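Asks: Below you will find the structure I want to go over with you.
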Amino acid sequence: WDKVLPSGIGHTTNCFLRVEGTDGQDAFLLTEGSEEKKSVKTVNQLAHALHQDELLTAGGLVSIMWPNSKCPLLKDDLVLMDSPGIDVTTELDSWIDKFCLDADVFVLVANSESTLMQTEKQFFHKVNARLSRPNIF
């Protein structure tokens with residue numbers, strides 16, 4: 001298994017991350033507003049590349065192009081979207097519109113040792129109100 005995104009307790013990313021497949025053998029990332037392909041071989045390289053980009057904001061998007069050969073699910077046009085968190089800013093509604101309107105499924109990844117907070121509940125109520133018939137897990 002390859003570890004693609006940083007993980008840990010609390011906020012581990014500072015922008016939206018979109019993971020999708022590529023037919024090539026090498027992983028790379030694209031930042032919003034740039035065509036430059038930045039090479040990524042490890043999670044540490046990814047974190048370093050993202051940290052160096054001063055133009056990235058919580059509402060920004062980074063596309064991580066991951067080889068289909070390393071993750072067969074990506075061959076079927078599966079796209080994974082990771083958010084910087086649901087309590088990062090008051091602009092959450094605009095982010096839902098910008099990045100998630102065509103999502104088929106929403107999955108909340110939470111720490112199993114903590115309870116579901118009111119913030120998380122409110123987020124899914126907002127998603128439910130803004131999208132037509134979302135699947136929420």
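Residues are referred to by chain and number: the chain letter is A, B, ... according to the order shown in the structure tokens, the number counts from 1 in that chain, and ligands are numbered separately from 1 in the order shown.
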I'd like to know which residues of segment 67-119 of chain A are helix (DSSP H, G or I) (by DSSP, run on the backbone); could you write them as an MDAnalysis selection string?

Replies: chainID A and resid 68:70 72:76 92:100 118:119

Asks: Near Leu78 of chain A, within 10 Å and counting only C-alpha atoms, which residues show up once chain neighbours fewer than 6 positions away are dropped, as number ranges by chain?

Replies: A: 19-21, 72

Asks: One decimal, Å: what's the distance from atom CA of Val109 of chain A over to atom CA of Asp82 of chain A, could you say?

Replies: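 Taking atom CA of Val109 of chain A and atom CA of Asp82 of chain A, their separation equals 9.8 Å.
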
Asks: Of the candidates A:Lys98, A:Lys121, A:Lys75, A:Arg130, which shows the shortest atom-to-atom distance to Thr22 of chain A, using only C-alpha atoms?

Replies: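 Of all the options, A:Lys75 lies closest to Thr22 of chain A.
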
Asks: Calculate how many Å separate atom CA of Asn68 of chain A from atom CA of Leu30 of chain A, rounding to one decimal.

Replies: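 Going from atom CA of Asn68 of chain A over to atom CA of Leu30 of chain A, I get 16.8 Å.
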
Asks: Would you compute the distance between atom CA of Asp104 of chain A and atom CA of Val127 of chain A? Give it in Å to one decimal.

Replies: 11.8 Å

Asks: Kindly indicate which residue among A:Phe28, A:Phe106, A:Trp95, A:Phe16 lies nearest to Pro67 of chain A, using only C-alpha atoms for the distances.

Replies: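 Closest to Pro67 of chain A, using only C-alpha atoms: A:Phe28.
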